[in-house]
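Novice: What follows is the file model-v6.txt, containing compact mmCIF, C-alpha atoms and all ligand atoms:
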# COMPACT_ATOMS: atom_id res chain seq x y z
CA MET A 1 -73.84 -49.62 -80.22
CA ALA A 2 -74.07 -51.80 -77.11
CA VAL A 3 -71.75 -54.06 -75.18
CA ILE A 4 -72.89 -57.34 -73.69
CA GLY A 5 -70.97 -58.77 -70.75
CA ARG A 6 -70.80 -59.51 -67.06
CA SER A 7 -69.44 -56.10 -66.01
CA PRO A 8 -71.73 -53.55 -64.37
CA ALA A 9 -70.40 -51.19 -67.05
CA ALA A 10 -71.78 -53.35 -69.87
CA ASP A 11 -74.92 -52.09 -71.58
CA VAL A 12 -76.59 -55.48 -71.35
CA ARG A 13 -75.45 -57.34 -68.28
CA LEU A 14 -75.37 -61.13 -68.00
CA THR A 15 -74.77 -62.83 -64.66
CA ASP A 16 -73.40 -66.03 -66.22
CA PRO A 17 -69.88 -66.52 -64.75
CA THR A 18 -68.67 -68.06 -68.03
CA VAL A 19 -69.31 -64.74 -69.79
CA SER A 20 -66.38 -62.22 -69.92
CA SER A 21 -66.68 -58.75 -68.38
CA PHE A 22 -67.05 -57.23 -71.83
CA HIS A 23 -67.89 -60.17 -74.04
CA PHE A 24 -69.11 -58.81 -77.35
CA GLU A 25 -70.35 -55.65 -78.97
CA VAL A 26 -73.29 -55.10 -81.31
CA ALA A 27 -74.23 -52.23 -83.60
CA ALA A 28 -77.08 -51.86 -86.05
CA VAL A 29 -75.71 -51.50 -89.60
CA PRO A 30 -77.29 -51.72 -93.03
CA GLY A 31 -77.99 -55.41 -93.58
CA GLY A 32 -78.24 -56.48 -89.97
CA VAL A 33 -76.28 -56.44 -86.75
CA HIS A 34 -72.51 -55.98 -86.64
CA VAL A 35 -71.12 -58.28 -83.95
CA VAL A 36 -67.56 -57.97 -82.63
CA ASP A 37 -66.13 -60.39 -80.09
CA LEU A 38 -64.10 -58.41 -77.51
CA GLU A 39 -61.44 -61.10 -77.14
CA SER A 40 -63.70 -62.87 -74.66
CA ALA A 41 -62.33 -65.86 -72.78
CA ASN A 42 -64.89 -68.39 -74.04
CA GLY A 43 -65.69 -66.84 -77.39
CA THR A 44 -68.80 -65.67 -79.17
CA ILE A 45 -70.19 -68.74 -80.93
CA TYR A 46 -72.35 -68.63 -84.03
CA GLY A 47 -73.46 -71.87 -85.66
CA GLY A 48 -70.92 -73.83 -83.60
CA ALA A 49 -67.94 -71.69 -84.67
CA ARG A 50 -66.14 -68.93 -82.82
CA LEU A 51 -66.51 -65.56 -84.59
CA GLU A 52 -64.31 -62.49 -84.39
CA ARG A 53 -66.59 -60.10 -86.26
CA ALA A 54 -69.54 -60.55 -88.58
CA ILE A 55 -72.69 -58.92 -89.84
CA LEU A 56 -75.60 -61.17 -88.90
CA PRO A 57 -79.31 -60.92 -89.68
CA SER A 58 -81.83 -59.87 -87.06
CA GLY A 59 -83.12 -62.87 -85.10
CA THR A 60 -79.71 -64.65 -84.99
CA MET A 61 -78.91 -66.66 -81.85
CA LEU A 62 -75.41 -66.57 -80.35
CA ASN A 63 -73.86 -68.78 -77.68
CA VAL A 64 -71.81 -66.89 -75.14
CA GLY A 65 -70.47 -68.95 -72.27
CA ARG A 66 -73.44 -70.98 -71.10
CA SER A 67 -75.93 -68.34 -72.22
CA ILE A 68 -77.83 -67.87 -75.45
CA VAL A 69 -78.41 -64.35 -76.76
CA ARG A 70 -80.86 -63.47 -79.51
CA LEU A 71 -80.19 -60.38 -81.63
CA ASP A 72 -83.37 -58.54 -82.55
CA LEU A 73 -83.35 -55.28 -84.49
CA ASP A 74 -85.76 -52.66 -83.31
CA ALA A 75 -86.78 -49.59 -85.28
CA PRO A 76 -83.58 -47.84 -86.38
CA PHE A 77 -82.41 -45.13 -84.00
CA ALA A 78 -81.08 -41.87 -85.44
CA PRO A 79 -78.80 -40.01 -83.03
CA GLU A 80 -78.91 -36.21 -83.01
CA ALA A 81 -76.29 -34.21 -84.89
CA THR A 82 -75.30 -30.54 -84.84
CA GLU A 83 -75.81 -28.32 -87.89
CA ILE A 84 -72.50 -26.55 -87.38
CA PRO A 85 -69.39 -28.24 -88.82
CA VAL A 86 -67.09 -26.81 -86.13
CA PHE A 87 -66.39 -27.72 -82.54
CA GLY A 88 -63.48 -26.00 -80.80
CA GLU A 89 -60.48 -26.55 -83.07
CA MET A 90 -62.23 -29.43 -84.81
CA ARG A 91 -63.74 -29.28 -88.26
CA GLY A 92 -66.13 -31.88 -89.62
CA ALA A 93 -69.26 -31.72 -91.73
CA SER A 94 -69.84 -35.46 -92.08
CA ARG A 95 -72.70 -37.08 -90.23
CA PRO A 96 -70.49 -39.03 -87.78
CA MET A 97 -68.55 -35.89 -86.83
CA ARG A 98 -71.68 -33.80 -86.32
CA GLU A 99 -73.08 -36.57 -84.15
CA LEU A 100 -69.86 -36.48 -82.15
CA PHE A 101 -70.07 -32.67 -81.78
CA SER A 102 -73.62 -33.01 -80.56
CA MET A 103 -72.60 -35.53 -77.93
CA LEU A 104 -69.64 -33.36 -76.87
CA GLU A 105 -71.92 -30.36 -76.49
CA ARG A 106 -73.96 -32.28 -73.95
CA LEU A 107 -70.87 -33.61 -72.19
CA CYS A 108 -69.42 -30.10 -71.81
CA ARG A 109 -72.23 -29.28 -69.42
CA THR A 110 -71.26 -32.15 -67.11
CA ASP A 111 -68.26 -33.10 -64.99
CA LEU A 112 -68.36 -36.72 -66.12
CA GLY A 113 -65.11 -38.52 -66.80
CA VAL A 114 -64.91 -39.16 -70.53
CA LEU A 115 -62.99 -41.90 -72.31
CA ILE A 116 -62.09 -40.79 -75.84
CA GLU A 117 -61.43 -43.66 -78.21
CA GLY A 118 -60.20 -43.63 -81.77
CA GLN A 119 -57.32 -44.53 -84.07
CA THR A 120 -54.10 -42.56 -84.12
CA GLY A 121 -54.36 -39.03 -85.50
CA THR A 122 -58.17 -38.86 -85.45
CA GLY A 123 -58.22 -35.85 -83.11
CA LYS A 124 -58.62 -37.36 -79.63
CA GLU A 125 -56.52 -34.66 -78.05
CA LEU A 126 -58.59 -31.96 -79.77
CA VAL A 127 -61.71 -33.55 -78.31
CA ALA A 128 -60.20 -33.38 -74.83
CA ARG A 129 -59.19 -29.75 -75.30
CA ALA A 130 -62.64 -28.82 -76.56
CA LEU A 131 -64.30 -30.53 -73.59
CA HIS A 132 -62.05 -28.50 -71.32
CA ASP A 133 -62.36 -25.18 -73.16
CA LYS A 134 -66.14 -25.33 -73.34
CA GLY A 135 -66.61 -26.93 -69.93
CA ARG A 136 -67.10 -25.53 -66.47
CA GLY A 137 -63.42 -25.74 -65.59
CA ALA A 138 -62.35 -23.75 -68.66
CA GLN A 139 -60.76 -21.04 -66.51
CA GLY A 140 -58.61 -23.66 -64.78
CA PRO A 141 -55.50 -25.39 -66.13
CA PHE A 142 -55.48 -28.16 -68.74
CA MET A 143 -52.77 -30.67 -67.87
CA VAL A 144 -51.73 -33.53 -70.13
CA LEU A 145 -50.09 -36.72 -68.94
CA ASP A 146 -48.83 -39.02 -71.66
CA CYS A 147 -48.95 -42.43 -70.01
CA THR A 148 -46.43 -43.85 -72.50
CA ALA A 149 -43.83 -41.39 -71.29
CA ILE A 150 -43.84 -41.79 -67.52
CA PRO A 151 -40.66 -43.35 -66.17
CA ALA A 152 -41.75 -46.15 -63.79
CA THR A 153 -39.67 -44.92 -60.88
CA LEU A 154 -41.01 -41.37 -61.03
CA ALA A 155 -44.61 -42.07 -61.96
CA GLU A 156 -46.11 -41.67 -58.50
CA SER A 157 -44.21 -38.51 -57.81
CA ILE A 158 -45.24 -37.01 -61.17
CA ILE A 159 -48.91 -37.75 -60.61
CA PHE A 160 -49.28 -37.24 -56.88
CA GLY A 161 -46.24 -35.08 -56.03
CA HIS A 162 -43.77 -35.65 -53.23
CA GLU A 163 -42.50 -34.01 -50.07
CA LYS A 164 -38.92 -32.95 -49.62
CA GLY A 165 -36.86 -35.95 -48.51
CA ALA A 166 -39.54 -38.49 -49.43
CA PHE A 167 -36.89 -40.56 -51.22
CA THR A 168 -33.25 -40.24 -52.30
CA GLY A 169 -33.13 -37.41 -54.78
CA ALA A 170 -36.27 -35.69 -53.53
CA VAL A 171 -34.37 -32.54 -52.64
CA GLU A 172 -37.43 -30.34 -52.89
CA ARG A 173 -41.17 -30.64 -52.53
CA ARG A 174 -42.83 -31.32 -55.84
CA ILE A 175 -46.40 -30.54 -56.78
CA GLY A 176 -48.02 -33.44 -58.60
CA LEU A 177 -50.18 -33.36 -61.67
CA PHE A 178 -53.47 -33.42 -59.75
CA GLU A 179 -52.55 -30.45 -57.63
CA ALA A 180 -51.29 -28.59 -60.68
CA ALA A 181 -54.61 -29.18 -62.44
CA GLN A 182 -56.66 -27.93 -59.47
CA GLY A 183 -59.93 -26.42 -60.70
CA GLY A 184 -59.30 -27.59 -64.26
CA THR A 185 -58.80 -30.75 -66.26
CA ILE A 186 -56.33 -33.62 -66.42
CA PHE A 187 -56.04 -35.40 -69.74
CA LEU A 188 -54.55 -38.88 -69.37
CA ASP A 189 -53.37 -39.64 -72.88
CA GLU A 190 -52.80 -43.29 -73.88
CA ILE A 191 -54.42 -44.47 -70.65
CA GLY A 192 -54.03 -48.09 -71.82
CA GLU A 193 -50.30 -47.78 -71.09
CA LEU A 194 -50.82 -46.84 -67.44
CA PRO A 195 -48.78 -49.37 -65.41
CA LEU A 196 -51.01 -51.88 -63.62
CA ASP A 197 -49.53 -51.10 -60.19
CA LEU A 198 -50.48 -47.43 -60.52
CA GLN A 199 -54.08 -48.15 -61.42
CA PRO A 200 -55.45 -48.72 -57.89
CA LYS A 201 -53.63 -45.59 -56.70
CA LEU A 202 -55.24 -43.50 -59.40
CA LEU A 203 -58.62 -45.02 -58.63
CA ARG A 204 -58.27 -44.10 -54.96
CA VAL A 205 -57.58 -40.47 -55.84
CA LEU A 206 -60.59 -40.35 -58.16
CA GLU A 207 -62.91 -41.89 -55.61
CA ARG A 208 -61.78 -39.90 -52.61
CA ARG A 209 -61.21 -36.69 -54.53
CA GLU A 210 -58.01 -36.09 -52.61
CA VAL A 211 -54.32 -36.76 -53.15
CA GLN A 212 -51.50 -37.44 -50.79
CA ARG A 213 -47.98 -36.49 -51.88
CA VAL A 214 -45.41 -39.28 -51.68
CA GLY A 215 -43.93 -39.02 -48.19
CA GLY A 216 -46.70 -36.67 -47.13
CA SER A 217 -49.28 -37.34 -44.48
CA LYS A 218 -52.07 -34.91 -45.09
CA PRO A 219 -54.56 -35.48 -47.87
CA ILE A 220 -55.14 -32.54 -50.20
CA PRO A 221 -58.66 -32.12 -51.58
CA ILE A 222 -58.75 -31.80 -55.33
CA GLN A 223 -61.38 -30.72 -57.81
CA VAL A 224 -60.30 -31.88 -61.23
CA ARG A 225 -62.13 -33.25 -64.24
CA VAL A 226 -60.43 -36.33 -65.66
CA LEU A 227 -60.50 -37.10 -69.37
CA CYS A 228 -58.58 -39.91 -70.99
CA ALA A 229 -57.86 -41.27 -74.44
CA THR A 230 -56.64 -44.46 -76.00
CA TRP A 231 -56.45 -46.24 -79.33
CA ARG A 232 -56.56 -49.58 -77.53
CA ASP A 233 -59.65 -51.55 -76.66
CA LEU A 234 -59.64 -51.26 -72.88
CA ARG A 235 -62.44 -53.78 -72.54
CA ALA A 236 -60.32 -56.41 -74.27
CA MET A 237 -57.48 -55.43 -71.90
CA ILE A 238 -59.81 -55.94 -68.94
CA ASN A 239 -60.67 -59.41 -70.21
CA GLN A 240 -56.93 -60.15 -70.37
CA GLY A 241 -56.30 -58.79 -66.87
CA LYS A 242 -54.19 -55.88 -68.14
CA PHE A 243 -56.53 -53.10 -67.08
CA ARG A 244 -58.58 -52.81 -63.91
CA GLU A 245 -62.28 -52.94 -64.40
CA ASP A 246 -63.05 -50.70 -61.41
CA LEU A 247 -60.78 -47.98 -62.80
CA TYR A 248 -62.33 -48.31 -66.24
CA PHE A 249 -65.74 -47.91 -64.69
CA ARG A 250 -64.64 -44.68 -62.99
CA LEU A 251 -62.83 -43.21 -66.02
CA ALA A 252 -65.37 -44.14 -68.69
CA GLN A 253 -68.45 -42.56 -67.15
CA ALA A 254 -69.06 -41.53 -70.74
CA ARG A 255 -67.41 -42.85 -73.89
CA VAL A 256 -66.98 -41.17 -77.23
CA THR A 257 -65.35 -42.57 -80.33
CA VAL A 258 -63.70 -40.32 -82.89
CA PRO A 259 -64.33 -41.88 -86.30
CA SER A 260 -61.39 -42.65 -88.57
CA LEU A 261 -61.00 -40.58 -91.73
CA ARG A 262 -61.88 -43.65 -93.78
CA GLU A 263 -65.37 -43.53 -92.25
CA ARG A 264 -65.86 -39.92 -93.32
CA PRO A 265 -64.12 -39.17 -96.62
CA ASP A 266 -66.61 -36.35 -97.20
CA ASP A 267 -64.74 -34.37 -94.52
CA VAL A 268 -61.53 -34.30 -96.56
CA PRO A 269 -62.28 -31.16 -98.66
CA LEU A 270 -63.27 -29.15 -95.58
CA LEU A 271 -60.16 -30.25 -93.71
CA VAL A 272 -57.87 -29.57 -96.67
CA ASN A 273 -59.12 -26.00 -96.96
CA HIS A 274 -58.92 -25.54 -93.22
CA PHE A 275 -55.27 -26.63 -93.16
CA LEU A 276 -54.43 -24.44 -96.16
CA GLN A 277 -55.89 -21.40 -94.37
CA LYS A 278 -53.86 -22.16 -91.27
CA ILE A 279 -50.47 -22.02 -92.97
CA PRO A 280 -48.66 -18.97 -91.55
CA HIS A 281 -48.91 -15.94 -93.78
CA ASP A 282 -45.21 -15.21 -93.81
CA MET A 283 -44.56 -18.57 -95.41
CA GLN A 284 -44.32 -18.97 -99.16
CA ALA A 285 -46.94 -21.60 -99.89
CA ALA A 286 -49.94 -22.45 -102.06
CA ARG A 287 -53.24 -21.68 -100.38
CA ARG A 288 -55.57 -22.97 -103.07
CA ILE A 289 -56.13 -26.35 -104.65
CA THR A 290 -57.65 -27.49 -107.95
CA ASP A 291 -60.79 -29.65 -107.95
CA GLU A 292 -58.85 -32.58 -109.45
CA ALA A 293 -56.21 -32.41 -106.74
CA LEU A 294 -58.90 -32.20 -104.06
CA GLU A 295 -60.58 -35.26 -105.52
CA GLU A 296 -57.34 -37.14 -105.47
CA LEU A 297 -56.77 -36.27 -101.81
CA THR A 298 -60.29 -37.46 -101.02
CA ARG A 299 -59.59 -40.82 -102.64
CA ARG A 300 -56.33 -41.43 -100.79
CA ASP A 301 -56.04 -43.70 -97.81
CA TYR A 302 -54.83 -42.19 -94.52
CA PRO A 303 -53.68 -44.76 -91.96
CA GLY A 304 -52.46 -41.80 -89.88
CA ASN A 305 -55.89 -40.15 -90.22
CA VAL A 306 -56.25 -36.37 -89.91
CA ARG A 307 -52.65 -35.93 -88.78
CA GLU A 308 -51.45 -37.57 -91.99
CA LEU A 309 -53.84 -35.53 -94.12
CA LYS A 310 -52.63 -32.36 -92.43
CA SER A 311 -48.96 -33.03 -93.09
CA THR A 312 -49.75 -34.09 -96.66
CA VAL A 313 -51.53 -30.79 -97.28
CA GLU A 314 -48.76 -28.77 -95.67
CA ARG A 315 -46.04 -30.51 -97.64
CA ALA A 316 -47.96 -30.18 -100.91
CA SER A 317 -48.68 -26.52 -100.19
CA MET A 318 -45.09 -25.63 -99.43
CA THR A 319 -43.61 -27.50 -102.33
CA ALA A 320 -46.26 -26.58 -104.90
CA ALA A 321 -44.98 -25.05 -108.12
CA THR A 322 -47.54 -22.23 -108.14
CA GLU A 323 -50.09 -20.72 -105.79
CA THR A 324 -52.56 -23.51 -106.49
CA ILE A 325 -51.95 -27.17 -105.65
CA THR A 326 -52.38 -29.43 -108.69
CA PRO A 327 -52.29 -33.23 -109.11
CA THR A 328 -48.68 -32.79 -110.27
CA ASP A 329 -47.81 -31.19 -106.95
CA LEU A 330 -49.45 -34.10 -105.17
CA ALA A 331 -47.37 -36.56 -107.19
CA PHE A 332 -44.29 -34.61 -106.13
CA GLU A 333 -45.44 -34.63 -102.51
CA ARG A 334 -45.80 -38.38 -102.70
CA MET A 335 -42.25 -38.71 -103.98
CA LEU A 336 -41.04 -36.70 -101.01
CA THR A 337 -42.56 -39.11 -98.55
CA GLY A 338 -41.03 -42.15 -100.18
CA THR A 339 -42.62 -45.34 -101.39
CA ARG A 340 -46.07 -45.37 -99.95
CA THR A 341 -48.26 -48.04 -101.43
CA HIS A 342 -51.28 -46.05 -102.47
CA ALA A 343 -53.14 -47.40 -105.45
CA PRO A 344 -52.57 -45.07 -108.39
CA VAL A 345 -55.59 -42.83 -108.45
CA THR A 346 -55.42 -40.96 -111.73
CA PRO A 347 -54.37 -42.45 -115.07
CA SER A 348 -51.43 -40.14 -114.46
CA PRO A 349 -50.92 -37.11 -116.55
CA SER A 350 -49.52 -36.16 -113.15
CA VAL A 351 -46.07 -37.59 -113.86
CA ALA A 352 -45.54 -34.99 -116.58
CA PRO A 353 -42.81 -32.52 -115.59
CA ALA A 354 -44.05 -29.70 -113.37
CA SER A 355 -44.72 -26.47 -115.13
CA GLY A 356 -43.56 -23.34 -113.34
CA GLU A 357 -40.72 -22.96 -110.91
CA LEU A 358 -39.55 -25.81 -108.79
CA GLY A 359 -37.81 -24.38 -105.74
CA LYS A 360 -34.09 -25.05 -105.27
CA PHE A 361 -33.55 -28.52 -103.84
CA LYS A 362 -31.72 -27.13 -100.83
CA ASP A 363 -34.51 -24.64 -100.05
CA VAL A 364 -37.31 -27.15 -100.38
CA LYS A 365 -35.44 -29.59 -98.20
CA ARG A 366 -34.80 -26.93 -95.55
CA THR A 367 -38.48 -25.92 -95.51
CA LEU A 368 -39.55 -29.49 -94.95
CA ILE A 369 -37.03 -30.09 -92.21
CA ASP A 370 -37.96 -26.83 -90.50
CA GLU A 371 -41.60 -27.73 -90.65
CA PHE A 372 -40.95 -31.16 -89.22
CA GLU A 373 -38.83 -29.69 -86.43
CA ARG A 374 -41.42 -27.12 -85.48
CA ASP A 375 -44.25 -29.66 -85.52
CA TYR A 376 -42.22 -32.12 -83.45
CA LEU A 377 -41.12 -29.51 -80.91
CA GLN A 378 -44.60 -28.11 -80.48
CA ARG A 379 -45.97 -31.53 -79.82
CA LEU A 380 -43.14 -32.20 -77.43
CA LEU A 381 -44.00 -29.06 -75.47
CA LEU A 382 -47.65 -30.00 -75.43
CA LYS A 383 -46.97 -33.51 -74.26
CA THR A 384 -44.63 -32.47 -71.48
CA GLY A 385 -46.50 -29.34 -70.36
CA ASN A 386 -43.45 -27.25 -71.40
CA ASN A 387 -41.04 -29.20 -69.24
CA LEU A 388 -37.61 -29.08 -70.86
CA SER A 389 -36.10 -31.98 -68.93
CA ARG A 390 -38.92 -34.34 -69.77
CA ALA A 391 -38.91 -33.13 -73.36
CA ALA A 392 -35.19 -33.93 -73.59
CA GLN A 393 -35.83 -37.35 -72.10
CA ILE A 394 -38.59 -38.21 -74.58
CA ALA A 395 -36.75 -36.84 -77.59
CA GLY A 396 -33.47 -38.47 -76.60
CA VAL A 397 -31.67 -35.19 -77.24
CA GLU A 398 -29.27 -33.29 -74.97
CA ARG A 399 -31.01 -30.58 -72.97
CA HIS A 400 -28.81 -27.74 -74.24
CA HIS A 401 -29.25 -28.85 -77.82
CA LEU A 402 -33.00 -29.04 -77.38
CA ARG A 403 -33.03 -25.56 -75.84
CA ASP A 404 -31.22 -24.22 -78.93
CA LEU A 405 -33.76 -25.90 -81.18
CA PHE A 406 -36.65 -24.37 -79.26
CA ARG A 407 -34.98 -20.97 -79.50
CA LYS A 408 -34.51 -21.37 -83.23
CA HIS A 409 -38.25 -21.81 -83.64
CA GLY A 410 -39.22 -19.08 -81.21
CA LEU A 411 -40.52 -21.63 -78.70
CA ARG A 412 -39.48 -22.17 -75.16
CA GLY A 413 -39.56 -24.97 -72.64
CA ASP A 414 -39.37 -24.30 -68.92
CA ASP A 415 -36.35 -25.37 -66.92
N1 LIG B 501 -61.43 -32.61 -86.93
C1 LIG B 501 -60.25 -31.97 -87.01
N2 LIG B 501 -60.21 -30.69 -87.49
C2 LIG B 501 -59.04 -30.04 -87.57
N3 LIG B 501 -57.85 -30.57 -87.22
C3 LIG B 501 -57.83 -31.82 -86.76
C4 LIG B 501 -59.03 -32.58 -86.62
N4 LIG B 501 -58.71 -33.79 -86.13
C5 LIG B 501 -57.39 -33.80 -85.96
N5 LIG B 501 -56.83 -32.62 -86.32
C6 LIG B 501 -55.39 -32.29 -86.32
O1 LIG B 501 -54.71 -33.52 -86.57
C7 LIG B 501 -53.59 -33.68 -85.71
C8 LIG B 501 -53.78 -34.91 -84.85
O2 LIG B 501 -54.80 -34.68 -83.88
P1 LIG B 501 -54.68 -35.23 -82.37
O3 LIG B 501 -53.30 -35.05 -81.86
O4 LIG B 501 -55.78 -34.64 -81.58
O5 LIG B 501 -54.95 -36.78 -82.65
P2 LIG B 501 -54.90 -38.02 -81.64
O6 LIG B 501 -56.11 -38.83 -81.90
O7 LIG B 501 -54.69 -37.52 -80.24
O8 LIG B 501 -53.63 -38.80 -82.15
P3 LIG B 501 -52.69 -39.89 -81.37
O9 LIG B 501 -53.53 -41.10 -81.15
O10 LIG B 501 -51.60 -40.17 -82.33
O11 LIG B 501 -52.25 -39.24 -80.12
C9 LIG B 501 -53.48 -32.40 -84.94
O12 LIG B 501 -52.60 -31.53 -85.63
C10 LIG B 501 -54.89 -31.84 -84.95
O13 LIG B 501 -54.87 -30.46 -84.84
MG MG B 502 -53.09 -37.93 -78.91
Can the structure in the file be given as structure tokens, please?

Specialist:
Amino acid sequence: MAVIGRSPAADVRLTDPTVSSFHFEVAAVPGGVHVVDLESANGTIYGGARLERAILPSGTMLNVGRSIVRLDLDAPFAPEATEIPVFGEMRGASRPMRELFSMLERLCRTDLGVLIEGQTGTGKELVARALHDKGRGAQGPFMVLDCTAIPATLAESIIFGHEKGAFTGAVERRIGLFEAAQGGTIFLDEIGELPLDLQPKLLRVLERREVQRVGGSKPIPIQVRVLCATWRDLRAMINQGKFREDLYFRLAQARVTVPSLRERPDDVPLLVNHFLQKIPHDMQAARRITDEALEELTRRDYPGNVRELKSTVERASMTAATETITPTDLAFERMLTGTRTHAPVTPSPSVAPASGELGKFKDVKRTLIDEFERDYLQRLLLKTGNNLSRAAQIAGVERHHLRDLFRKHGLRGDD
């Protein structure tokens, strides 16, 4: 894959001022070259018409701005891939995942800033954690900042900290995220949502490797690896003036893309078994699955990617009639999640009444709600770095109520 544009960060750089910073992207695919216009200002023109995406034969000429680019396919390039279908918490035996693991292995040995791209639920956060856990700063802290959840007025103080009395309400000195991550890693999740006015401030910290607390005068040296993730196309945002190119350049010293589940259906069986094994032992649930049911899960569509597969497996496992998940259990699971528009996959003996015990309605319902609560609360803790006040803010739930919920599930947030 390569990006053509005017930016120094583009793989092929054009100096034509009518070309956008990141103008279009090319990738070799069976049948030719896949071309995607990155919402460029003047368009990527093929045969006189503006194209959004297309597969074009080798030798095609494109007009971009006032320049002409010819696409020529070289000998196909086969990237390296690991043999092992595991990386940190991630599982994946498909070619694209093993290629990703191989790339991550190399990146773990560096301190490069990595931009992790991919659709929702593909495992971007797991990638960040693995880079931290296997990297040089593994002994240090791993701090997560969800850029969608920073209140505008507090953003600077959260990231850089503040001194006592720096502003009304700053009754005590506060350590910012960078200082808290000293010697470790900061993971800036959903970096595309970082407010534009904060971007130059973040860039300054990254370039100078020091922070200054709000209201403070002395710079504090910091040694922190910065990883970030987004489902957005930052290069298109740069073209639209919504993301700073200099910051992008600094954050995306390396880029990795986590493939969607649709691009690797052969990973589904491995993931299903992995999730079944991970269900807590004290929970009454099925831990096996029939071949037919596994096939059906492999054929399904998962817009929510691995996260959706995981919750599907957990729901099916907990509501299964016996110790083995069958297509009938999957049909039941689908009913539980309402009217999803999946194409019917089997000619449907699956609507026959379930054999074996169906749990009491009230019990099944409780199990599902409990599971949802636990999952939600755990993610809330992860996102807020265990901070109860921020968790309450995000969840829109009273603090004391949230504390009770945490207690109920044996979790705790810090005051
Ligand atoms: N390859 C994988 N192997 C095992 N579990 C995975 C894998 N990928 C994702 N998961 C699980 O799927 C869920 C979603 O993963 P994660 O939160 O890392 O996704 P994400 O890309 O950050 O999603 P979002 O864009 O919504 O923030 C998590 O429970 C994670 O443990
Ligand atoms: Mg995430």

Novice: Within 9 Å of A:Glu193, counting all atoms listed in the file, which residues show up once you throw out same-chain ones fewer than 2 positions away? Write them as a PDB file with C-alpha atoms, in the frame of the given file, please.

Specialist:
ATOM      1  CA  ASP A 146     -48.830 -39.020 -71.660  1.00  0.00           C
ATOM      2  CA  CYS A 147     -48.950 -42.430 -70.010  1.00  0.00           C
ATOM      3  CA  THR A 148     -46.430 -43.850 -72.500  1.00  0.00           C
ATOM      4  CA  ASP A 189     -53.370 -39.640 -72.880  1.00  0.00           C
ATOM      5  CA  GLU A 190     -52.800 -43.290 -73.880  1.00  0.00           C
ATOM      6  CA  ILE A 191     -54.420 -44.470 -70.650  1.00  0.00           C
ATOM      7  CA  PRO A 195     -48.780 -49.370 -65.410  1.00  0.00           C
ATOM      8  CA  LEU A 196     -51.010 -51.880 -63.620  1.00  0.00           C
ATOM      9  CA  THR A 230     -56.640 -44.460 -76.000  1.00  0.00           C
TER      10      THR A 230
END

Novice: Please tabulate, as JSON lines, the residues of chain A that come within 7 Å of ligand LIG 501 (chain B), each with its closest pair of atoms and the distance in Å to one decimal, counting only C-alpha atoms and all ligand atoms and ordering rows by chain, then residue number upward.

Specialist:
{"residue": "A:Glu89", "atom": "CA", "partner": "B:LIG501", "partner_atom": "C2", "distance": 5.9}
{"residue": "A:Met90", "atom": "CA", "partner": "B:LIG501", "partner_atom": "N2", "distance": 3.6}
{"residue": "A:Arg91", "atom": "CA", "partner": "B:LIG501", "partner_atom": "N2", "distance": 3.9}
{"residue": "A:Gly92", "atom": "CA", "partner": "B:LIG501", "partner_atom": "N1", "distance": 5.5}
{"residue": "A:Gly118", "atom": "CA", "partner": "B:LIG501", "partner_atom": "O6", "distance": 6.3}
{"residue": "A:Gln119", "atom": "CA", "partner": "B:LIG501", "partner_atom": "O9", "distance": 5.9}
{"residue": "A:Thr120", "atom": "CA", "partner": "B:LIG501", "partner_atom": "O9", "distance": 3.4}
{"residue": "A:Gly121", "atom": "CA", "partner": "B:LIG501", "partner_atom": "O8", "distance": 3.4}
{"residue": "A:Thr122", "atom": "CA", "partner": "B:LIG501", "partner_atom": "O6", "distance": 4.1}
{"residue": "A:Gly123", "atom": "CA", "partner": "B:LIG501", "partner_atom": "O4", "distance": 3.1}
{"residue": "A:Lys124", "atom": "CA", "partner": "B:LIG501", "partner_atom": "O6", "distance": 3.7}
{"residue": "A:Glu125", "atom": "CA", "partner": "B:LIG501", "partner_atom": "O4", "distance": 3.6}
{"residue": "A:Leu126", "atom": "CA", "partner": "B:LIG501", "partner_atom": "O4", "distance": 4.3}
{"residue": "A:Val127", "atom": "CA", "partner": "B:LIG501", "partner_atom": "O4", "distance": 6.9}
{"residue": "A:Thr230", "atom": "CA", "partner": "B:LIG501", "partner_atom": "O9", "distance": 6.9}
{"residue": "A:Trp231", "atom": "CA", "partner": "B:LIG501", "partner_atom": "O9", "distance": 6.2}
{"residue": "A:Leu271", "atom": "CA", "partner": "B:LIG501", "partner_atom": "N2", "distance": 6.2}
{"residue": "A:Val306", "atom": "CA", "partner": "B:LIG501", "partner_atom": "O1", "distance": 4.7}
{"residue": "A:Arg307", "atom": "CA", "partner": "B:LIG501", "partner_atom": "O1", "distance": 3.9}
{"residue": "A:Lys310", "atom": "CA", "partner": "B:LIG501", "partner_atom": "O1", "distance": 6.3}

Novice: Would you be able to write out as a list in words which residues have an atom within 8 Å of (-56.5, -32.6, -51.5) in the file's coordinates, counting only C-alpha atoms?

Specialist: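 All residues meeting the 8 Å criterion around (-56.5, -32.6, -51.5) are Glu179, Arg209, Glu210, Val211, Gln212, Pro219, Ile220, Pro221 and Ile222 of chain A.
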
Novice: How big is the axis-aligned box around all listed atoms of stretch 236-253 of chain A once 4 Å goes on each side, and where's its centre, in Å to one decimal, as JSON?

Specialist:
{"center_x": -61.3, "center_y": -51.4, "center_z": -67.8, "size_x": 22.3, "size_y": 25.6, "size_z": 20.9}

Novice: Of the candidates A:Val36, A:Cys228, A:Met335, A:Gly413, which one gets nearest to ligand MG 502 (chain B) if we count all atoms listed in the file?

Specialist: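 Looking at the shortest contact to ligand MG 502 (chain B), the residue is A:Cys228.
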